[in-house]
file my_file35.cif (mmCIF, C-alpha atoms)
data_run
loop_
_atom_site.label_atom_id
_atom_site.label_comp_id
_atom_site.auth_asym_id
_atom_site.auth_seq_id
_atom_site.Cartn_x
_atom_site.Cartn_y
_atom_site.Cartn_z
CA MET A 222 0.00 0.00 0.00
CA ALA A 223 1.06 3.56 -0.33
CA SER A 224 0.73 7.18 0.46
CA GLY A 225 -2.84 8.40 0.59
CA ASP A 226 -4.36 5.08 1.59
CA THR A 227 -6.86 5.03 4.43
CA LEU A 228 -5.52 3.13 7.41
CA CYS A 229 -8.31 3.48 9.96
CA TYR A 230 -11.75 4.99 10.26
CA PHE A 231 -13.69 5.79 13.41
CA ASN A 232 -17.13 7.27 13.92
CA ALA A 233 -18.59 8.80 17.05
CA LEU A 234 -19.79 5.45 18.35
CA HIS A 235 -16.21 4.16 18.42
CA GLY A 236 -15.25 6.80 20.96
CA GLU A 237 -13.93 5.67 24.32
CA PRO A 238 -14.44 8.39 26.94
CA PRO A 239 -11.59 9.19 29.31
CA ALA A 240 -12.31 9.18 33.05
CA SER A 241 -13.35 12.82 33.11
CA ALA A 242 -13.96 15.79 30.81
CA PHE A 243 -15.03 13.64 27.89
CA ALA A 244 -16.94 14.60 24.77
CA THR A 245 -20.54 13.51 25.11
CA LEU A 246 -22.53 11.42 22.71
CA ASP A 247 -25.31 13.16 20.82
CA THR A 248 -27.11 12.79 17.52
CA ARG A 249 -27.75 15.20 14.70
CA ASN A 250 -30.52 14.16 12.35
CA ALA A 251 -29.90 10.59 13.59
CA VAL A 252 -26.17 10.79 12.86
CA PRO A 253 -24.11 10.01 15.97
CA VAL A 254 -21.79 12.84 16.97
CA LEU A 255 -19.57 13.65 19.93
CA ASP A 256 -20.12 17.09 21.48
CA PHE A 257 -17.07 19.05 22.59
CA ASP A 258 -17.83 21.89 24.99
CA ALA A 259 -16.94 25.51 24.24
CA THR A 260 -15.46 26.35 27.63
CA THR A 261 -14.02 23.14 29.10
CA ASP A 262 -11.31 21.10 27.40
CA GLU A 263 -12.93 17.79 26.49
CA ALA A 264 -11.45 14.70 24.86
CA ILE A 265 -12.34 11.37 23.32
CA VAL A 266 -10.13 8.38 22.59
CA PHE A 267 -10.25 5.92 19.72
CA GLY A 268 -8.50 2.57 19.95
CA GLY A 269 -7.24 0.92 16.77
CA LEU A 270 -4.79 -1.50 15.25
CA MET A 271 -2.33 -0.15 12.72
CA PRO A 272 -3.16 -2.15 9.58
CA ARG A 273 -0.73 -4.65 8.10
CA HIS A 274 -0.61 -2.66 4.88
CA TYR A 275 0.79 0.41 6.67
CA ALA A 276 4.10 1.21 4.97
CA GLY A 277 5.68 2.99 7.94
CA GLY A 278 5.41 6.60 6.85
CA GLY A 279 3.84 9.64 8.45
CA VAL A 280 0.08 9.81 8.82
CA THR A 281 -2.59 12.43 8.44
CA VAL A 282 -5.53 12.47 10.82
CA THR A 283 -8.69 13.94 9.34
CA VAL A 284 -11.37 14.99 11.79
CA GLY A 285 -14.84 15.50 10.34
CA TRP A 286 -16.81 17.85 12.54
CA MET A 287 -19.62 20.37 12.61
CA ALA A 288 -20.39 23.36 14.76
CA SER A 289 -23.66 23.09 16.65
CA SER A 290 -24.68 26.38 15.09
CA ALA A 291 -21.68 28.69 14.67
CA ILE A 292 -20.35 29.66 11.27
CA THR A 293 -17.50 31.89 12.42
CA GLY A 294 -14.55 31.70 14.79
CA THR A 295 -12.12 28.83 15.13
CA ILE A 296 -11.54 25.81 17.34
CA SER A 297 -8.23 24.55 18.67
CA LEU A 298 -8.14 20.83 17.92
CA ASP A 299 -5.47 18.53 19.38
CA ALA A 300 -4.66 14.99 18.29
CA ALA A 301 -2.21 12.70 20.06
CA PHE A 302 -1.10 9.09 19.63
CA MET A 303 -0.22 6.43 22.15
CA SER A 304 1.43 3.26 20.83
CA VAL A 305 1.06 0.04 22.79
CA THR A 306 4.07 -2.10 21.98
CA ASP A 307 4.01 -5.86 22.52
CA ASP A 308 5.17 -6.83 26.01
CA ALA A 309 6.51 -3.34 26.65
CA ASP A 310 3.88 -0.67 27.21
CA ASP A 311 1.79 -0.73 30.36
CA LEU A 312 -1.74 0.55 29.83
CA ASP A 313 -1.85 1.56 33.49
CA THR A 314 0.88 4.09 32.96
CA LYS A 315 1.45 4.76 29.26
CA ALA A 316 0.78 8.35 28.30
CA PHE A 317 -0.05 10.01 25.01
CA ALA A 318 2.74 11.59 23.04
CA ALA A 319 2.70 15.35 22.58
CA ALA A 320 -0.34 16.51 20.64
CA ASN A 321 -0.37 18.12 17.24
CA ASN A 322 -2.82 20.94 16.72
CA ALA A 323 -5.05 22.42 14.07
CA ASN A 324 -6.73 25.80 14.30
CA ALA A 325 -9.87 25.10 12.33
CA ALA A 326 -12.79 27.25 11.23
CA PRO A 327 -16.28 25.75 11.03
CA ALA A 328 -18.02 24.97 7.78
CA SER A 329 -19.84 27.80 6.03
CA ALA A 330 -23.23 26.55 7.20
CA SER A 331 -24.32 24.78 10.33
CA GLY A 332 -24.90 21.12 9.56
CA GLU A 333 -22.13 20.98 6.97
CA VAL A 334 -19.16 18.81 7.88
CA GLN A 335 -15.75 20.41 7.96
CA TYR A 336 -12.78 18.14 7.20
CA THR A 337 -9.80 19.26 9.30
CA THR A 338 -6.43 17.59 8.84
CA ILE A 339 -3.58 17.18 11.31
CA ALA A 340 -0.32 15.76 10.00
CA PHE A 341 2.09 13.54 11.92
CA THR A 342 5.57 12.62 10.85
CA ASP A 343 6.79 9.06 11.24
CA GLY A 344 8.45 8.35 14.58
CA ALA A 345 8.06 10.11 17.92
CA ASP A 346 5.48 12.54 16.56
CA MET A 347 3.03 9.62 16.33
CA ASP A 348 4.57 7.77 19.29
CA SER A 349 6.23 5.41 16.80
CA VAL A 350 3.08 3.41 16.18
CA ALA A 351 4.23 0.41 14.17
CA VAL A 352 2.49 -1.88 11.72
CA GLY A 353 0.27 -4.40 13.48
CA GLU A 354 0.44 -2.48 16.73
CA TYR A 355 -2.47 -1.47 18.95
CA PHE A 356 -2.68 2.28 19.40
CA ARG A 357 -4.90 4.92 20.88
CA LEU A 358 -5.68 8.28 19.33
CA GLN A 359 -6.91 11.09 21.54
CA ILE A 360 -8.87 14.00 20.06
CA THR A 361 -9.26 17.06 22.29
CA ARG A 362 -10.95 20.39 21.82
CA ASP A 363 -8.56 22.81 23.48
CA ALA A 364 -11.43 25.10 24.46
CA ASN A 365 -9.30 27.41 26.59
CA SER A 366 -6.98 28.17 23.65
CA THR A 367 -3.79 26.78 25.16
CA THR A 368 -2.29 25.91 21.79
CA SER A 369 -4.23 27.99 19.29
CA THR A 370 -7.22 30.29 19.30
CA ASP A 371 -10.56 28.75 20.20
CA ASP A 372 -13.19 31.46 20.00
CA MET A 373 -16.02 29.59 18.28
CA VAL A 374 -19.29 29.85 20.19
CA GLY A 375 -20.99 26.62 21.20
CA ASP A 376 -20.23 22.96 20.76
CA ALA A 377 -18.11 21.26 18.15
CA GLU A 378 -19.60 17.95 17.03
CA LEU A 379 -17.22 15.23 15.89
CA VAL A 380 -18.64 13.04 13.15
CA PHE A 381 -15.70 10.85 12.13
CA VAL A 382 -11.94 10.42 12.17
CA GLU A 383 -9.85 9.01 9.37
CA ILE A 384 -6.17 8.09 9.56
CA LYS A 385 -4.42 7.87 6.23
CA GLU A 386 -0.82 7.41 5.28
CA THR A 387 0.50 10.82 4.30
CA MET B 73 -25.76 42.28 46.61
CA ALA B 74 -22.36 42.16 44.95
CA ILE B 75 -21.71 41.32 41.33
CA LEU B 76 -21.13 37.68 40.43
CA SER B 77 -17.71 36.20 40.95
CA ASN B 78 -15.60 35.45 37.93
CA ILE B 79 -16.37 31.75 38.47
CA ASP B 80 -20.11 32.37 38.49
CA ARG B 81 -19.95 34.58 35.41
CA HIS B 82 -17.96 31.84 33.70
CA ALA B 83 -20.58 29.28 34.73
CA ALA B 84 -23.40 31.42 33.33
CA TRP B 85 -21.49 31.93 30.09
CA ALA B 86 -20.76 28.20 29.74
CA ARG B 87 -24.33 27.23 30.62
CA PHE B 88 -25.78 29.60 28.02
CA MET B 89 -23.55 28.21 25.27
CA ALA B 90 -24.26 24.61 26.26
CA ASP B 91 -28.01 25.18 26.33
CA ALA B 92 -28.02 27.14 23.08
CA SER B 93 -25.87 24.46 21.45
CA SER B 94 -28.35 21.78 22.43
CA ARG B 95 -31.05 23.87 20.73
CA ARG B 96 -28.66 24.53 17.82
CA GLU B 97 -29.44 28.22 17.91
CA PRO B 98 -27.34 30.43 15.64
CA PHE B 99 -25.08 33.10 17.14
CA GLY B 100 -24.42 35.20 14.06
CA THR B 101 -20.77 36.17 13.94
CA LEU B 102 -20.29 36.34 17.70
CA THR B 103 -17.24 34.87 19.37
CA LYS B 104 -16.94 33.37 22.83
CA ALA B 105 -15.38 36.63 24.01
CA ASP B 106 -18.35 38.61 22.69
CA LEU B 107 -20.76 36.44 24.66
CA ARG B 108 -18.66 36.64 27.79
CA ALA B 109 -18.76 40.44 27.52
CA VAL B 110 -22.55 40.25 27.37
CA VAL B 111 -22.67 38.24 30.60
CA ASN B 112 -20.38 40.72 32.30
CA GLU B 113 -22.40 43.72 31.15
CA ILE B 114 -25.73 42.19 32.18
CA ASP B 115 -24.37 41.45 35.64
CA ASP B 116 -22.97 44.97 35.92
CA TRP B 117 -26.27 46.45 34.74
CA ILE B 118 -28.23 44.47 37.34
CA GLU B 119 -25.87 45.74 40.02
CA ALA B 120 -26.20 49.33 38.85
CA ASN B 121 -30.00 49.14 38.67
CA ALA B 122 -30.76 47.02 41.71
CA LEU B 123 -31.99 49.99 43.70
CA ALA B 124 -34.35 51.15 40.96
CA PHE B 125 -35.71 47.64 40.60
CA ASN B 126 -36.39 47.42 44.31
CA GLN B 127 -38.09 50.82 44.31
CA ALA B 128 -40.40 49.61 41.53
CA ILE B 129 -41.80 46.87 43.74
CA PRO B 130 -44.92 48.14 45.49
CA LEU B 131 -45.32 48.11 49.21
CA PRO B 132 -45.85 46.04 51.27
CA ALA B 133 -44.13 43.43 49.02
CA ARG B 134 -41.00 45.56 48.78
CA THR B 135 -40.29 45.16 52.46
CA GLN B 136 -41.70 41.69 52.98
CA LEU B 137 -40.28 39.71 50.07
CA THR B 138 -36.70 38.50 50.43
CA ALA B 139 -34.05 39.50 47.92
CA ARG B 140 -34.06 35.94 46.61
CA GLN B 141 -37.86 36.03 46.11
CA LYS B 142 -37.63 39.34 44.25
CA ALA B 143 -34.88 37.95 42.05
CA GLU B 144 -36.94 34.86 41.33
CA LEU B 145 -39.90 37.00 40.32
CA LEU B 146 -37.72 39.13 38.07
CA SER B 147 -36.33 36.01 36.45
CA LEU B 148 -39.81 34.55 35.89
CA VAL B 149 -41.27 37.75 34.46
CA VAL B 150 -38.36 38.23 32.05
CA ARG B 151 -38.53 34.58 31.01
CA HIS B 152 -42.27 34.73 30.33
CA ARG B 153 -41.87 37.91 28.28
CA PHE B 154 -39.57 36.14 25.85
CA GLU B 155 -40.99 32.65 25.77
CA VAL B 156 -42.64 31.89 22.46
CA ALA B 157 -46.16 30.61 22.94
#

call {"tool": "encode", "arguments": {"input": "my_file35.cif", "output": "structure tokens"}}
result
Amino acid sequence: MASGDTLCYFNALHGEPPASAFATLDTRNAVPVLDFDATTDEAIVFGGLMPRHYAGGGVTVTVGWMASSAITGTISLDAAFMSVTDDADDLDTKAFAAANNANAAPASASGEVQYTTIAFTDGADMDSVAVGEYFRLQITRDANSTTSTDDMVGDAELVFVEIKET
Amino acid sequence: MAILSNIDRHAAWARFMADASSRREPFGTLTKADLRAVVNEIDDWIEANALAFNQAIPLPARTQLTARQKAELLSLVVRHRFEVA
């Protein structure tokens, strides 16, 4: 396989909430979404297995999301990987690698899905997730603008996440 | 009565956005900072006009209702004025 190929896909129902401050499940016209608050940093985690056809390059995470109603402003969106290496990483203690960020504007109309991409280089940037390895991907709305400006009013609603080889 | 604390103003701001998001109400081109300024100004306005509000309440209710009861009545009247039948 090669650059541009989809490696993993997650929808809102695949989300695994962290112990606290998690994005909450909601629906929009019967489509499951995960609501990220406008004032409190909230996160969701997706667990996956890096496919056997992964060629070992960098990856691009695409987050499909909508604003609950806003059409202006931006959100600060973080993505971070955690690799779980065979007989090495302890799920009780393993932490996510440093997050990469996108400062994304909502779609031009409420209800339209905005595709926001966050690139990761191969290696430490994506916690060295290897082919055939279990990994976790954490998506966070940095609502208090720690990394980039988050001034969009109201919730951001995650629809899907795609990981493709860059 | 003093103005709300920063924590309480933050809570009101967050609650409004969460509730409006659940109703998917549009906000025009407003930002979070714009809405926070609205909360601050409303709280300041209430503080500045508290005396006039109290004077508008007829006796004997003015002296017999508690501040909390007057605030609850104000909240209910304002809410009913803007609720769509």

call {"tool": "interface_residues", "arguments": {"input": "my_file35.cif", "of": "chain B", "to": "chain A", "cutoff": "7 Å", "atoms": "all atoms listed in the file", "output": "ChimeraX atom specification"}}
result
/B:86,89-90,93,96-99,101,103-105

call {"tool": "closest_residue", "arguments": {"input": "my_file35.cif", "among": "A:Met271, A:Ser297, A:Val252, A:Gly225", "to": "Asn365 (chain A)", "atoms": "all atoms listed in the file"}}
result
A:Ser297

call {"tool": "residues_around", "arguments": {"input": "my_file35.cif", "residues": "region 231-236 of chain A", "least_positions_apart": "4", "cutoff": "12 Å", "atoms": "only C-alpha atoms", "output": "count of residues only"}}
result
40

call {"tool": "resolve_selection", "arguments": {"input": "my_file35.cif", "expression": "the PyMOL selection byres ((chain A and resi 278) around 10)", "output": "NGL selection string"}}
result
:A and (223-224 or 275-277 or 279-280 or 341-344 or 351 or 385-387)

call {"tool": "atom_distance", "arguments": {"input": "my_file35.cif", "atom1": "CA of Asp91 (chain B)", "atom2": "CA of Ala300 (chain A)"}}
result
26.7 Å

call {"tool": "closest_residue", "arguments": {"input": "my_file35.cif", "among": "A:Pro327, A:Phe356, A:Thr281, A:Asp262", "to": "Leu312 (chain A)", "atoms": "only C-alpha atoms"}}
result
A:Phe356

call {"tool": "residues_near_point", "arguments": {"input": "my_file35.cif", "point": "(-36.0, 48.9, 45.0)", "cutoff": "12 Å", "atoms": "all atoms listed in the file", "output": "JSON, numbers by chain"}}
result
{"B": [118, 119, 120, 121, 122, 123, 124, 125, 126, 127, 128, 129, 130, 131, 133, 134, 135, 137, 138, 139, 142, 143]}

call {"tool": "write_last_selection", "arguments": {"input": "my_file35.cif", "atoms": "C-alpha atoms", "output": "PDB file, in the frame of the given file"}}
result
ATOM      1  CA  ILE B 118     -28.230  44.470  37.340  1.00  0.00           C
ATOM      2  CA  GLU B 119     -25.870  45.740  40.020  1.00  0.00           C
ATOM      3  CA  ALA B 120     -26.200  49.330  38.850  1.00  0.00           C
ATOM      4  CA  ASN B 121     -30.000  49.140  38.670  1.00  0.00           C
ATOM      5  CA  ALA B 122     -30.760  47.020  41.710  1.00  0.00           C
ATOM      6  CA  LEU B 123     -31.990  49.990  43.700  1.00  0.00           C
ATOM      7  CA  ALA B 124     -34.350  51.150  40.960  1.00  0.00           C
ATOM      8  CA  PHE B 125     -35.710  47.640  40.600  1.00  0.00           C
ATOM      9  CA  ASN B 126     -36.390  47.420  44.310  1.00  0.00           C
ATOM     10  CA  GLN B 127     -38.090  50.820  44.310  1.00  0.00           C
ATOM     11  CA  ALA B 128     -40.400  49.610  41.530  1.00  0.00           C
ATOM     12  CA  ILE B 129     -41.800  46.870  43.740  1.00  0.00           C
ATOM     13  CA  PRO B 130     -44.920  48.140  45.490  1.00  0.00           C
ATOM     14  CA  LEU B 131     -45.320  48.110  49.210  1.00  0.00           C
ATOM     15  CA  ALA B 133     -44.130  43.430  49.020  1.00  0.00           C
ATOM     16  CA  ARG B 134     -41.000  45.560  48.780  1.00  0.00           C
ATOM     17  CA  THR B 135     -40.290  45.160  52.460  1.00  0.00           C
ATOM     18  CA  LEU B 137     -40.280  39.710  50.070  1.00  0.00           C
ATOM     19  CA  THR B 138     -36.700  38.500  50.430  1.00  0.00           C
ATOM     20  CA  ALA B 139     -34.050  39.500  47.920  1.00  0.00           C
ATOM     21  CA  LYS B 142     -37.630  39.340  44.250  1.00  0.00           C
ATOM     22  CA  ALA B 143     -34.880  37.950  42.050  1.00  0.00           C
TER      23      ALA B 143
END

call {"tool": "build_atoms", "arguments": {"input": "my_file35.cif", "residues": "region 95-111 of chain B", "atoms": "N, CA and C atoms", "output": "mmCIF file, keeping the file's coordinate frame"}}
result
data_model
loop_
_atom_site.group_PDB
_atom_site.id
_atom_site.type_symbol
_atom_site.label_atom_id
_atom_site.label_comp_id
_atom_site.auth_asym_id
_atom_site.auth_seq_id
_atom_site.Cartn_x
_atom_site.Cartn_y
_atom_site.Cartn_z
ATOM 1 N N ARG B 95 -29.910 23.427 21.564
ATOM 2 C CA ARG B 95 -31.050 23.870 20.730
ATOM 3 C C ARG B 95 -30.583 24.228 19.326
ATOM 4 N N ARG B 96 -29.286 24.190 19.105
ATOM 5 C CA ARG B 96 -28.660 24.530 17.820
ATOM 6 C C ARG B 96 -29.099 25.911 17.341
ATOM 7 N N GLU B 97 -29.100 26.846 18.259
ATOM 8 C CA GLU B 97 -29.440 28.220 17.910
ATOM 9 C C GLU B 97 -28.240 28.927 17.310
ATOM 10 N N PRO B 98 -28.452 29.691 16.244
ATOM 11 C CA PRO B 98 -27.340 30.430 15.640
ATOM 12 C C PRO B 98 -26.902 31.608 16.504
ATOM 13 N N PHE B 99 -25.648 31.988 16.371
ATOM 14 C CA PHE B 99 -25.080 33.100 17.140
ATOM 15 C C PHE B 99 -24.571 34.220 16.241
ATOM 16 N N GLY B 100 -24.942 34.192 14.971
ATOM 17 C CA GLY B 100 -24.420 35.200 14.060
ATOM 18 C C GLY B 100 -22.909 35.065 13.956
ATOM 19 N N THR B 101 -22.239 36.196 14.047
ATOM 20 C CA THR B 101 -20.770 36.170 13.940
ATOM 21 C C THR B 101 -20.103 36.352 15.299
ATOM 22 N N LEU B 102 -20.850 36.128 16.367
ATOM 23 C CA LEU B 102 -20.290 36.340 17.700
ATOM 24 C C LEU B 102 -19.210 35.320 18.039
ATOM 25 N N THR B 103 -18.260 35.774 18.831
ATOM 26 C CA THR B 103 -17.240 34.870 19.370
ATOM 27 C C THR B 103 -17.540 34.592 20.834
ATOM 28 N N LYS B 104 -16.774 33.665 21.408
ATOM 29 C CA LYS B 104 -16.940 33.370 22.830
ATOM 30 C C LYS B 104 -16.680 34.621 23.673
ATOM 31 N N ALA B 105 -15.696 35.399 23.264
ATOM 32 C CA ALA B 105 -15.380 36.630 24.010
ATOM 33 C C ALA B 105 -16.537 37.622 23.965
ATOM 34 N N ASP B 106 -17.191 37.716 22.808
ATOM 35 C CA ASP B 106 -18.350 38.610 22.690
ATOM 36 C C ASP B 106 -19.441 38.200 23.681
ATOM 37 N N LEU B 107 -19.703 36.902 23.760
ATOM 38 C CA LEU B 107 -20.760 36.440 24.660
ATOM 39 C C LEU B 107 -20.378 36.634 26.120
ATOM 40 N N ARG B 108 -19.098 36.427 26.413
ATOM 41 C CA ARG B 108 -18.660 36.640 27.790
ATOM 42 C C ARG B 108 -18.832 38.114 28.183
ATOM 43 N N ALA B 109 -18.583 39.013 27.250
ATOM 44 C CA ALA B 109 -18.760 40.440 27.520
ATOM 45 C C ALA B 109 -20.230 40.746 27.806
ATOM 46 N N VAL B 110 -21.122 40.049 27.123
ATOM 47 C CA VAL B 110 -22.550 40.250 27.370
ATOM 48 C C VAL B 110 -22.910 39.846 28.796
ATOM 49 N N VAL B 111 -22.402 38.698 29.222
ATOM 50 C CA VAL B 111 -22.670 38.240 30.600
ATOM 51 C C VAL B 111 -22.159 39.265 31.601
#
